[in-house]
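S.K.: Contents of structure-v7.cif (mmCIF, C-alpha atoms):
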data_coords
#
loop_
_atom_site.label_atom_id
_atom_site.label_comp_id
_atom_site.auth_asym_id
_atom_site.auth_seq_id
_atom_site.Cartn_x
_atom_site.Cartn_y
_atom_site.Cartn_z
CA MET A 131 53.24 37.78 89.86
CA GLY A 132 51.18 38.71 92.92
CA LEU A 133 47.55 39.61 92.78
CA LEU A 134 48.34 43.26 93.46
CA SER A 135 51.71 43.68 91.78
CA GLY A 136 52.95 47.07 90.58
CA LYS A 137 51.13 46.99 87.27
CA ASN A 138 47.88 45.72 88.74
CA LYS A 139 47.99 48.35 91.46
CA GLU A 140 48.37 51.01 88.80
CA VAL A 141 45.40 49.53 86.92
CA LEU A 142 43.29 49.76 90.07
CA VAL A 143 44.45 53.10 91.48
CA GLY A 144 45.20 55.02 88.27
CA PRO A 145 41.55 55.76 87.40
CA LEU A 146 40.95 57.24 90.84
CA SER A 147 43.05 60.32 90.06
CA LYS A 148 45.55 60.68 87.20
CA ASN A 149 43.49 58.67 84.75
CA ASN A 150 40.02 59.44 86.08
CA PRO A 151 37.29 58.58 83.57
CA VAL A 152 35.16 61.64 84.37
CA ILE A 153 37.53 64.51 85.02
CA VAL A 154 40.48 63.45 82.85
CA GLN A 155 38.97 61.33 80.07
CA MET A 156 35.67 63.27 80.12
CA LEU A 157 33.55 60.12 79.89
CA GLY A 158 30.20 59.59 81.58
CA ILE A 159 29.59 63.31 82.15
CA CYS A 160 25.90 63.12 81.23
CA SER A 161 24.94 60.73 84.02
CA ALA A 162 27.16 62.70 86.41
CA LEU A 163 24.89 65.67 85.75
CA ALA A 164 21.63 63.79 85.84
CA VAL A 165 21.63 61.77 89.04
CA THR A 166 23.69 63.91 91.41
CA SER A 167 21.10 66.34 92.80
CA LYS A 168 21.00 64.15 95.92
CA LEU A 169 23.75 62.11 97.56
CA GLU A 170 21.88 58.79 97.84
CA PRO A 171 21.14 58.26 94.13
CA SER A 172 24.74 59.30 93.41
CA ILE A 173 26.04 56.52 95.66
CA VAL A 174 23.65 53.92 94.22
CA MET A 175 24.54 54.96 90.68
CA ALA A 176 28.27 54.77 91.53
CA LEU A 177 27.89 51.26 92.96
CA SER A 178 25.73 50.11 90.04
CA VAL A 179 28.19 51.37 87.45
CA THR A 180 31.13 49.87 89.37
CA ALA A 181 29.43 46.47 89.50
CA VAL A 182 28.48 46.57 85.84
CA VAL A 183 31.92 47.70 84.59
CA ALA A 184 33.75 45.17 86.73
CA PHE A 185 31.66 42.17 85.72
CA ALA A 186 31.35 43.21 82.08
CA ASN A 187 35.14 43.54 81.99
CA VAL A 188 35.58 40.05 83.47
CA ILE A 189 33.06 38.44 81.13
CA ILE A 190 34.47 40.10 78.03
CA SER A 191 38.00 39.29 79.13
CA LEU A 192 37.10 35.60 79.58
CA LEU A 193 35.44 35.55 76.16
CA ARG A 194 38.08 37.67 74.43
CA ASN A 195 39.67 34.78 72.55
CA THR A 196 36.35 33.45 71.29
CA ILE A 197 34.52 36.63 70.25
CA PRO A 198 34.21 36.93 66.46
CA ASN A 199 35.88 40.20 65.58
CA ARG A 200 33.11 41.41 63.28
CA ILE A 201 30.43 41.33 65.98
CA ARG A 202 32.56 42.23 68.99
CA ILE A 203 30.74 45.52 69.68
CA ILE A 204 27.41 43.67 69.56
CA VAL A 205 28.71 41.05 71.97
CA GLN A 206 29.92 43.78 74.33
CA LEU A 207 26.55 45.53 74.15
CA VAL A 208 24.65 42.33 74.88
CA VAL A 209 26.83 41.58 77.91
CA VAL A 210 26.45 45.13 79.22
CA ALA A 211 22.72 45.24 78.54
CA ALA A 212 22.19 41.93 80.32
CA LEU A 213 24.16 43.10 83.37
CA VAL A 214 22.33 46.43 83.49
CA THR A 215 18.99 44.64 83.30
CA ILE A 216 20.02 42.45 86.22
CA VAL A 217 21.12 45.52 88.24
CA SER A 218 17.83 47.21 87.43
CA GLU A 219 15.83 44.14 88.55
CA VAL A 220 17.86 43.90 91.78
CA LEU A 221 17.28 47.59 92.53
CA LYS A 222 13.55 47.16 91.92
CA ALA A 223 13.54 44.31 94.41
CA PHE A 224 15.74 45.80 97.15
CA ALA A 225 15.95 49.58 96.64
CA TYR A 226 12.61 50.48 95.11
CA ASP A 227 12.59 54.18 96.07
CA VAL A 228 16.09 54.83 94.77
CA ASN A 229 15.20 52.98 91.60
CA LYS A 230 12.25 55.32 91.13
CA GLN A 231 14.52 58.35 91.56
CA LEU A 232 17.12 56.99 89.14
CA SER A 233 14.28 56.05 86.74
CA VAL A 234 15.66 55.94 83.21
CA PHE A 235 19.27 56.46 84.21
CA VAL A 236 19.74 52.85 85.34
CA GLY A 237 18.82 51.73 81.83
CA LEU A 238 21.09 54.40 80.42
CA ILE A 239 24.12 52.84 82.15
CA ILE A 240 24.21 50.77 78.95
CA THR A 241 25.16 53.87 77.00
CA ASN A 242 27.67 55.11 79.57
CA CYS A 243 30.81 55.70 77.54
CA ILE A 244 33.03 54.44 80.38
CA LEU A 245 31.67 50.92 79.85
CA MET A 246 32.31 50.55 76.15
CA GLY A 247 35.57 52.45 76.57
CA ARG A 248 36.93 50.00 79.14
CA LEU A 249 35.67 46.93 77.28
CA GLU A 250 37.25 48.00 73.99
CA ALA A 251 40.42 49.46 75.43
CA PHE A 252 41.19 47.07 78.26
CA ALA A 253 39.16 43.89 78.61
CA LEU A 254 39.70 42.75 75.00
CA GLY A 255 43.45 42.71 75.56
CA ASN A 256 43.95 41.68 79.18
CA GLY A 257 43.26 38.78 81.51
CA PRO A 258 40.18 38.53 83.75
CA TRP A 259 41.85 39.57 87.02
CA GLU A 260 43.46 42.70 85.55
CA SER A 261 40.18 43.49 83.82
CA PHE A 262 38.28 43.10 87.06
CA LEU A 263 40.66 45.52 88.81
CA ASP A 264 40.41 47.92 85.90
CA GLY A 265 36.61 47.81 86.12
CA ILE A 266 36.60 48.38 89.87
CA GLY A 267 39.14 51.19 89.51
CA ASN A 268 37.21 52.98 86.78
CA GLY A 269 33.88 52.45 88.52
CA LEU A 270 35.25 53.92 91.73
CA GLY A 271 36.94 56.76 89.83
CA TYR A 272 33.54 57.60 88.34
CA GLY A 273 31.85 57.04 91.70
CA ILE A 274 34.16 59.38 93.64
CA ILE A 275 33.33 62.24 91.31
CA LEU A 276 29.59 61.49 91.53
CA VAL A 277 29.69 61.38 95.31
CA ILE A 278 31.63 64.66 95.53
CA ILE A 279 29.16 66.39 93.19
CA GLY A 280 26.18 64.84 94.97
CA PHE A 281 27.58 65.91 98.36
CA PHE A 282 27.89 69.58 97.39
CA ARG A 283 24.65 69.73 95.43
CA GLU A 284 22.55 68.21 98.21
CA LEU A 285 24.32 70.19 100.98
CA LEU A 286 24.06 73.57 99.28
CA GLY A 287 20.83 72.91 97.37
CA SER A 288 18.68 71.25 100.03
CA GLY A 289 20.66 71.71 103.27
CA THR A 290 20.54 67.95 103.83
CA LEU A 291 22.84 64.95 103.39
CA LEU A 292 21.32 61.53 102.63
CA GLY A 293 18.01 63.15 103.55
CA PHE A 294 19.09 64.27 107.04
CA GLN A 295 19.04 67.97 107.83
CA VAL A 296 22.66 69.06 108.44
CA ILE A 297 22.41 72.83 108.19
CA PRO A 298 20.97 73.88 111.56
CA GLN A 299 17.70 75.78 111.76
CA ALA A 300 19.56 78.70 113.39
CA PHE A 301 21.26 79.45 110.04
CA TYR A 302 17.88 79.74 108.34
CA ASP A 303 16.66 82.01 111.14
CA PHE A 304 19.56 84.35 110.33
CA GLY A 305 18.43 84.51 106.73
CA TYR A 306 20.43 81.68 105.08
CA VAL A 307 18.56 80.15 102.16
CA ASN A 308 19.18 76.96 100.20
CA ASN A 309 20.52 77.65 96.74
CA GLY A 310 17.86 76.19 94.45
CA LEU A 311 20.22 76.55 91.50
CA MET A 312 22.37 73.73 92.92
CA ILE A 313 19.53 71.29 92.25
CA LEU A 314 19.47 72.17 88.56
CA PRO A 315 21.74 70.36 86.05
CA PRO A 316 23.86 73.40 85.08
CA MET A 317 25.35 73.58 88.57
CA ALA A 318 26.49 69.96 88.27
CA LEU A 319 28.54 71.00 85.25
CA ILE A 320 30.01 73.91 87.20
CA VAL A 321 30.84 71.64 90.15
CA VAL A 322 32.56 69.21 87.74
CA ALA A 323 34.51 72.15 86.30
CA VAL A 324 35.61 73.24 89.79
CA ILE A 325 36.75 69.67 90.58
CA ILE A 326 38.72 69.59 87.32
CA TRP A 327 40.25 72.98 88.15
CA VAL A 328 41.40 71.81 91.58
CA HIS A 329 42.62 68.49 90.18
CA ARG A 330 44.60 70.06 87.33
CA SER A 331 46.22 72.64 89.56
CA ARG A 332 47.44 69.83 91.81
CA ASN A 333 48.58 67.67 88.88
CA LYS A 334 50.48 70.08 86.64
CA ASP A 335 51.43 67.32 84.16
CA LEU A 336 47.74 66.98 83.16
CA GLN A 337 47.48 70.61 82.09
CA GLU A 338 47.10 71.12 78.37
CA ASN A 339 48.49 74.16 76.62
CA MET B 1162 38.20 27.07 64.22
CA ASN B 1163 38.16 30.12 62.01
CA ARG B 1164 36.80 32.98 64.11
CA ASP B 1165 36.01 35.11 61.09
CA SER B 1166 33.83 32.59 59.27
CA ASN B 1167 30.15 33.37 58.85
CA VAL B 1168 29.07 30.07 60.37
CA TYR B 1169 31.08 30.68 63.53
CA THR B 1170 29.74 34.23 63.86
CA ILE B 1171 26.12 33.16 63.47
CA ILE B 1172 26.43 30.23 65.88
CA TYR B 1173 28.25 32.41 68.40
CA ALA B 1174 25.57 35.11 68.26
CA SER B 1175 22.72 32.58 68.55
CA VAL B 1176 24.21 30.76 71.53
CA MET B 1177 24.99 34.04 73.26
CA VAL B 1178 21.46 35.38 72.82
CA VAL B 1179 19.87 32.19 74.14
CA LEU B 1180 22.19 32.09 77.16
CA VAL B 1181 21.52 35.74 78.01
CA ALA B 1182 17.77 35.19 77.66
CA VAL B 1183 17.90 32.26 80.08
CA VAL B 1184 19.91 34.24 82.63
CA LEU B 1185 17.58 37.26 82.43
CA ALA B 1186 14.45 35.14 82.65
CA PHE B 1187 15.84 33.38 85.70
CA THR B 1188 16.75 36.70 87.42
CA SER B 1189 13.38 38.20 86.67
CA GLU B 1190 11.50 35.15 87.98
CA SER B 1191 13.55 34.80 91.15
CA LEU B 1192 13.19 38.49 92.11
CA ARG B 1193 9.51 38.71 91.14
CA SER B 1194 8.10 38.23 94.65
CA PHE B 1195 10.32 40.97 96.16
CA GLN B 1196 9.38 43.37 93.38
CA LYS B 1197 5.69 42.62 93.78
CA LYS B 1198 5.93 43.41 97.49
CA ASN B 1199 7.59 46.76 96.74
CA GLU B 1200 5.01 47.62 94.11
CA ASP B 1201 2.18 46.76 96.49
CA ASN B 1202 3.70 48.87 99.23
CA ASP B 1203 4.14 51.71 96.78
CA LYS B 1204 0.46 51.44 95.89
CA ARG B 1205 -0.47 51.41 99.58
CA GLN B 1206 1.63 54.54 100.10
CA GLN B 1207 -0.18 56.28 97.26
CA ILE B 1208 -3.59 55.33 98.64
CA LEU B 1209 -2.54 56.56 102.08
CA ARG B 1210 -1.26 59.83 100.63
CA SER B 1211 -4.73 60.49 99.23
CA ILE B 1212 -6.02 60.58 102.81
CA ASN B 1213 -3.09 62.84 103.75
CA ILE B 1214 -1.04 60.17 105.52
CA GLN B 1215 2.66 59.89 104.73
CA ALA B 1216 3.78 56.32 105.36
CA THR B 1217 7.33 55.01 104.98
CA PRO B 1218 7.64 51.88 102.81
CA ASP B 1219 8.21 49.57 105.80
CA LYS B 1220 5.23 51.01 107.70
CA ALA B 1221 2.91 51.12 104.67
CA GLU B 1222 1.46 47.67 105.15
CA THR B 1223 0.53 48.06 108.84
CA THR B 1224 -0.76 51.62 108.44
CA TYR B 1225 -2.81 50.54 105.45
CA ALA B 1226 -4.30 47.62 107.38
CA GLU B 1227 -5.17 49.96 110.26
CA LEU B 1228 -6.85 52.69 108.24
CA ILE B 1229 -8.42 51.00 105.23
CA ASN B 1230 -11.38 49.02 106.53
CA GLU B 1231 -12.95 47.85 103.36
CA ALA B 1232 -12.10 47.53 99.68
CA PHE B 1233 -14.53 46.40 97.02
CA LEU B 1234 -15.44 46.82 93.37
CA VAL B 1235 -18.57 48.55 92.11
CA ASN B 1236 -20.09 48.48 88.65
CA GLU B 1237 -21.37 51.44 86.64
CA LYS B 1238 -24.76 51.14 88.35
CA GLY B 1239 -23.12 51.60 91.73
CA GLU B 1240 -23.68 48.01 92.88
CA LYS B 1241 -21.01 46.04 94.68
CA ILE B 1242 -19.58 43.18 92.63
CA GLU B 1243 -17.19 40.29 93.21
CA GLY B 1244 -13.46 40.90 92.94
CA ASP B 1245 -10.27 42.01 94.61
CA ALA B 1246 -10.14 45.82 94.63
CA PHE B 1247 -6.48 46.11 95.62
CA ALA B 1248 -5.21 43.73 92.97
CA ALA B 1249 -7.41 45.24 90.25
CA ASP B 1250 -5.46 46.96 87.49
CA ALA B 1251 -7.45 50.15 86.96
CA SER B 1252 -6.77 50.43 83.23
CA LYS B 1253 -8.23 46.94 82.69
CA SER B 1254 -11.02 46.99 85.25
CA PHE B 1255 -12.36 50.38 84.08
CA ALA B 1256 -12.82 48.92 80.61
CA GLU B 1257 -14.91 46.15 82.19
CA HIS B 1258 -16.88 48.74 84.19
CA LYS B 1259 -15.44 47.59 87.47
CA TYR B 1260 -14.45 50.44 89.75
CA PRO B 1261 -12.35 49.83 92.88
CA VAL B 1262 -13.43 51.65 96.05
CA PHE B 1263 -11.44 51.80 99.29
CA ILE B 1264 -13.10 52.86 102.50
CA ALA B 1265 -10.86 54.46 105.07
CA ASN B 1266 -11.48 55.48 108.63
CA VAL B 1267 -9.59 58.66 109.53
CA ASN B 1268 -10.12 59.89 113.10
CA GLY B 1269 -13.53 58.21 113.25
CA LYS B 1270 -14.70 59.69 109.93
CA THR B 1271 -15.40 57.61 106.84
CA LYS B 1272 -13.53 58.51 103.65
CA TYR B 1273 -14.21 57.02 100.23
CA ILE B 1274 -11.14 56.55 98.04
CA MET B 1275 -11.64 56.27 94.27
CA VAL B 1276 -9.06 55.21 91.71
CA LEU B 1277 -8.20 57.54 88.84
CA GLN B 1278 -6.70 56.30 85.60
CA GLY B 1279 -5.87 58.14 82.40
CA THR B 1280 -3.23 59.00 79.85
CA GLY B 1281 -0.80 61.90 80.04
CA LEU B 1282 1.59 63.43 77.54
CA TRP B 1283 4.14 60.59 77.47
CA GLY B 1284 2.46 57.71 79.26
CA PRO B 1285 -0.12 56.58 81.77
CA LEU B 1286 -1.32 58.75 84.64
CA TRP B 1287 -3.03 57.42 87.73
CA GLY B 1288 -4.05 58.63 91.11
CA TYR B 1289 -6.34 58.31 94.09
CA ILE B 1290 -8.91 60.79 95.28
CA ALA B 1291 -10.53 60.60 98.70
CA LEU B 1292 -14.00 62.01 99.40
CA ASP B 1293 -15.61 62.87 102.73
CA ASP B 1294 -18.62 60.88 103.93
CA ASP B 1295 -20.94 63.21 101.97
CA LYS B 1296 -19.38 61.53 98.87
CA ASN B 1297 -18.93 64.98 97.38
CA THR B 1298 -16.27 67.04 99.14
CA VAL B 1299 -12.68 66.07 98.33
CA PHE B 1300 -10.63 65.15 101.38
CA GLY B 1301 -7.32 64.59 99.59
CA ALA B 1302 -5.76 63.42 96.35
CA ASP B 1303 -2.54 61.92 95.06
CA PHE B 1304 -1.27 61.65 91.51
CA SER B 1305 1.42 59.54 89.88
CA HIS B 1306 2.71 59.16 86.37
CA ALA B 1307 4.93 56.87 84.34
CA GLY B 1308 6.91 59.34 82.31
CA GLU B 1309 5.78 62.96 82.36
CA THR B 1310 8.43 65.62 81.77
CA PRO B 1311 10.49 66.21 84.93
CA GLY B 1312 10.03 69.72 86.28
CA LEU B 1313 6.93 70.33 84.16
CA GLY B 1314 4.18 67.71 83.88
CA ALA B 1315 5.84 65.55 86.52
CA GLU B 1316 5.03 68.26 89.09
CA ILE B 1317 1.54 66.75 89.40
CA THR B 1318 3.03 64.35 91.96
CA THR B 1319 3.94 67.21 94.30
CA HIS B 1320 1.96 67.99 97.40
CA ILE B 1321 1.62 71.60 96.20
CA PHE B 1322 -0.50 70.41 93.29
CA SER B 1323 -2.49 67.63 94.94
CA SER B 1324 -3.25 69.62 98.12
CA GLN B 1325 -5.27 72.10 96.05
CA PHE B 1326 -8.04 69.54 95.68
CA ALA B 1327 -8.96 69.39 99.36
CA GLY B 1328 -12.37 70.96 100.01
CA LYS B 1329 -13.45 71.04 96.34
CA LYS B 1330 -16.78 69.49 95.41
CA ILE B 1331 -17.34 67.11 92.52
CA PHE B 1332 -21.13 67.51 92.43
CA GLN B 1333 -22.85 70.88 91.93
CA ASN B 1334 -26.58 70.90 92.80
CA GLY B 1335 -26.66 67.12 92.66
CA GLU B 1336 -25.14 66.94 89.20
CA PHE B 1337 -21.73 65.38 88.48
CA LYS B 1338 -19.40 68.17 87.34
CA SER B 1339 -15.91 66.89 88.30
CA ILE B 1340 -13.14 69.33 89.18
CA ALA B 1341 -11.57 71.36 86.41
CA ILE B 1342 -7.85 72.04 86.05
CA VAL B 1343 -7.43 75.54 84.66
CA LYS B 1344 -4.55 77.80 83.71
CA PRO B 1345 -3.38 79.58 86.86
CA GLY B 1346 -5.40 82.80 87.08
CA LYS B 1347 -8.31 81.53 85.01
CA SER B 1348 -11.54 80.12 86.40
CA ALA B 1349 -14.16 77.57 85.38
CA ILE B 1350 -17.88 78.27 85.34
CA GLY B 1351 -20.32 76.02 87.14
CA GLN B 1352 -17.78 73.73 88.76
CA ASP B 1353 -14.93 73.80 91.25
CA TYR B 1354 -11.45 74.21 89.82
CA VAL B 1355 -7.76 74.14 90.74
CA ASP B 1356 -4.67 75.64 89.11
CA GLY B 1357 -2.81 73.55 86.57
CA ILE B 1358 0.96 73.29 86.19
CA SER B 1359 2.63 76.10 84.26
CA GLY B 1360 4.55 74.57 81.38
CA GLY B 1361 2.72 71.29 81.86
CA THR B 1362 -0.40 72.20 79.93
CA ILE B 1363 -1.01 68.87 78.25
CA THR B 1364 -0.42 66.93 81.47
CA SER B 1365 -2.76 69.31 83.33
CA GLN B 1366 -5.47 68.84 80.71
CA SER B 1367 -4.93 65.09 80.92
CA VAL B 1368 -5.41 65.17 84.70
CA ASP B 1369 -8.61 67.16 84.17
CA LYS B 1370 -9.87 64.55 81.70
CA MET B 1371 -8.69 61.68 83.92
CA ILE B 1372 -10.63 62.99 86.92
CA PHE B 1373 -13.77 63.49 84.86
CA ASP B 1374 -13.63 60.13 83.06
CA SER B 1375 -12.72 58.12 86.13
CA LEU B 1376 -15.17 59.70 88.57
CA ASN B 1377 -17.90 59.57 85.94
CA GLY B 1378 -17.81 55.79 86.29
CA TYR B 1379 -18.29 56.15 90.03
CA ALA B 1380 -21.09 58.75 89.71
CA LYS B 1381 -23.92 56.26 90.34
CA PHE B 1382 -22.13 54.75 93.33
CA LEU B 1383 -21.52 58.20 94.76
CA THR B 1384 -25.12 59.35 94.37
CA SER B 1385 -27.00 56.08 95.00
CA GLN B 1386 -26.48 55.97 98.75
CA ASN B 1387 -26.93 59.67 99.29
CA GLN B 1388 -30.71 59.49 99.36
#
Could you write out this file's structure as structure tokens?
M.R.:
Amino acid sequence: MGLLSGKNKEVLVGPLSKNNPVIVQMLGICSALAVTSKLEPSIVMALSVTAVVAFANVIISLLRNTIPNRIRIIVQLVVVAALVTIVSEVLKAFAYDVNKQLSVFVGLIITNCILMGRLEAFALGNGPWESFLDGIGNGLGYGIILVIIGFFRELLGSGTLLGFQVIPQAFYDFGYVNNGLMILPPMALIVVAVIIWVHRSRNKDLQEN
Amino acid sequence: MNRDSNVYTIIYASVMVVLVAVVLAFTSESLRSFQKKNEDNDKRQQILRSINIQATPDKAETTYAELINEAFLVNEKGEKIEGDAFAADASKSFAEHKYPVFIANVNGKTKYIMVLQGTGLWGPLWGYIALDDDKNTVFGADFSHAGETPGLGAEITTHIFSSQFAGKKIFQNGEFKSIAIVKPGKSAIGQDYVDGISGGTITSQSVDKMIFDSLNGYAKFLTSQNQ
């Protein structure tokens, strides 16, 4: 079996669209609302979650035959909490400003439902390589949605992308104004809803009656 | 071995916790110097913001070295004492009656920067306030907080709030009065005042108290060399 055989490919690519953790499984919505008012924190959050899910999946998968069943949730939490603390320390050392913007949300990665969901549902029953791919896939699936939301919220809310002005001054001279509502959390929910709408209308088999 | 036995479970949990503790301690120790550098630069940026200079993190150190000529501690009598002003943790040094002072040179004019330290609604507040060479008129101010409510109390970090302080006086007729934070639209009698944050009443009151308490410790230093 190759490293990227049919099943493994599905494990990696599935969460990007048909099995997306945010817009299909509705997991991790809260952080998708909280950190996406600008594009940069969205990207950092996406990378952090991807790293944490992937490595937590690998560690739990390696330990899966040794973990006592009665404390398996505790073991998962300890692994996740340790990884999140490491990510938080690394951000403090190398991306201090972004860490300040993300503030409590880095710590709250621990409670991101995607993590526990993947550990329980996948890593406990599969080998390390598949689990790693599953973690990367789900992290990226979450990340794509965050980046899309962050892109629209920063563009329409502040007129910038990654802090650079992209809407030319001429537009403002003609009376264009930034939509302050885009910065507020409710608009993140509406942007998620629009993404789900577009996604469901392209994937009719996902539509519920 | 029986994975469901109590002994196995307890040993497993203990070993796991010890291992994780070792890993975390190692990470924390090995990244400590990078984090310290970031924190110091962040502090330099805050000090520079109080004299209305926006410095990027990578420029903070050089700009700080250029503009801040002198940093020292004073006691409650206004006398200079031994110690490192930059490294001093305000919450501890205030309790020991040691007050850090930074002297900046902005366009040939001397500015005195004082440290502010207090408690807000959810956690510590701190800030820096810069006075002109008359040691009375505020040149600029900057405030930070650990955990005030975003959108409400946390607005004290904005330029809109801190820029109100410029030009206010902390002494009235030679007497220390501080600067009051009032409800927008209200005024304060016998002292200069600025508008508080709507919806951030407790944080605003805390800033008011912080400025009074902190500058009160500096009062002797600020008046002693005036004569």
S.K.: For this structure, which residues satisfy the selection - the PyMOL selection byres ((chain B) within 8 of (chain A)) - when it is evaluated on the file as given? I want them as a ChimeraX atom specification.
M.R.: /B:1164-1165,1169-1170,1173-1174,1178,1181,1185,1188-1189,1192-1193,1195-1196,1199
S.K.: Written as a tab-separated table (two decimals) with C-alpha atoms, in the coordinates of the input, what is the full residue list that the PyMOL selection byres ((chain A and resi 308) around 12) yields on the file shown?
M.R.:
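Wrote it out as expr_28.tsv, contents follow:
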chain	number	residue	atom	x	y	z
A	282	PHE	CA	27.89	69.58	97.39
A	283	ARG	CA	24.65	69.73	95.43
A	284	GLU	CA	22.55	68.21	98.21
A	285	LEU	CA	24.32	70.19	100.98
A	286	LEU	CA	24.06	73.57	99.28
A	287	GLY	CA	20.83	72.91	97.37
A	288	SER	CA	18.68	71.25	100.03
A	289	GLY	CA	20.66	71.71	103.27
A	290	THR	CA	20.54	67.95	103.83
A	295	GLN	CA	19.04	67.97	107.83
A	296	VAL	CA	22.66	69.06	108.44
A	297	ILE	CA	22.41	72.83	108.19
A	298	PRO	CA	20.97	73.88	111.56
A	299	GLN	CA	17.70	75.78	111.76
A	301	PHE	CA	21.26	79.45	110.04
A	302	TYR	CA	17.88	79.74	108.34
A	305	GLY	CA	18.43	84.51	106.73
A	306	TYR	CA	20.43	81.68	105.08
A	307	VAL	CA	18.56	80.15	102.16
A	309	ASN	CA	20.52	77.65	96.74
A	310	GLY	CA	17.86	76.19	94.45
A	311	LEU	CA	20.22	76.55	91.50
A	312	MET	CA	22.37	73.73	92.92
A	313	ILE	CA	19.53	71.29	92.25
S.K.: What does the distance from CA of Phe1233 (chain B) to CA of Thr1318 (chain B) come to in Å, to one decimal?
M.R.: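 We find that CA of Phe1233 (chain B) and CA of Thr1318 (chain B) lie 25.6 Å from each other.
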S.K.: So which residues get picked by the PyMOL selection byres ((chain A and resi 145-159) around 7) here, written as a PyMOL selection string?
M.R.: chain A and resi 142-144+160-163+242-244+267-268+270-272+326
S.K.: Work out how far CA of Thr1298 (chain B) is from CA of Ser1365 (chain B), in Å to one decimal.
M.R.: 20.9 Å
S.K.: Could you complete region 1329-1342 of chain B so that it carries N, CA and C atoms, and give it back as a compact mmCIF listing (two decimals), in the frame of the given file?
M.R.:
# COMPACT_ATOMS: atom_id res chain seq x y z
N LYS B 1329 -12.68 70.82 97.58
CA LYS B 1329 -13.45 71.04 96.34
C LYS B 1329 -14.59 70.02 96.29
N LYS B 1330 -15.64 70.38 95.53
CA LYS B 1330 -16.78 69.49 95.41
C LYS B 1330 -16.89 68.97 93.99
N ILE B 1331 -17.23 67.66 93.87
CA ILE B 1331 -17.34 67.11 92.52
C ILE B 1331 -18.77 67.15 91.99
N PHE B 1332 -19.74 67.34 92.88
CA PHE B 1332 -21.13 67.51 92.43
C PHE B 1332 -21.56 68.96 92.68
N GLN B 1333 -22.26 69.56 91.72
CA GLN B 1333 -22.85 70.88 91.93
C GLN B 1333 -24.36 70.71 91.76
N ASN B 1334 -25.12 71.06 92.80
CA ASN B 1334 -26.58 70.90 92.80
C ASN B 1334 -27.00 69.48 92.39
N GLY B 1335 -26.29 68.51 92.92
CA GLY B 1335 -26.66 67.12 92.66
C GLY B 1335 -26.25 66.60 91.31
N GLU B 1336 -25.54 67.40 90.53
CA GLU B 1336 -25.14 66.94 89.20
C GLU B 1336 -23.63 66.76 89.16
N PHE B 1337 -23.18 65.65 88.52
CA PHE B 1337 -21.73 65.38 88.48
C PHE B 1337 -21.04 66.38 87.56
N LYS B 1338 -20.08 67.13 88.13
CA LYS B 1338 -19.40 68.17 87.34
C LYS B 1338 -17.89 67.96 87.29
N SER B 1339 -17.36 67.09 88.18
CA SER B 1339 -15.91 66.89 88.30
C SER B 1339 -15.23 68.18 88.77
N ILE B 1340 -13.92 68.15 88.78
CA ILE B 1340 -13.14 69.33 89.18
C ILE B 1340 -12.27 69.70 87.99
N ALA B 1341 -12.32 70.95 87.59
CA ALA B 1341 -11.57 71.36 86.41
C ALA B 1341 -10.15 71.76 86.80
N ILE B 1342 -9.21 71.52 85.88
CA ILE B 1342 -7.85 72.04 86.05
C ILE B 1342 -7.74 73.19 85.07
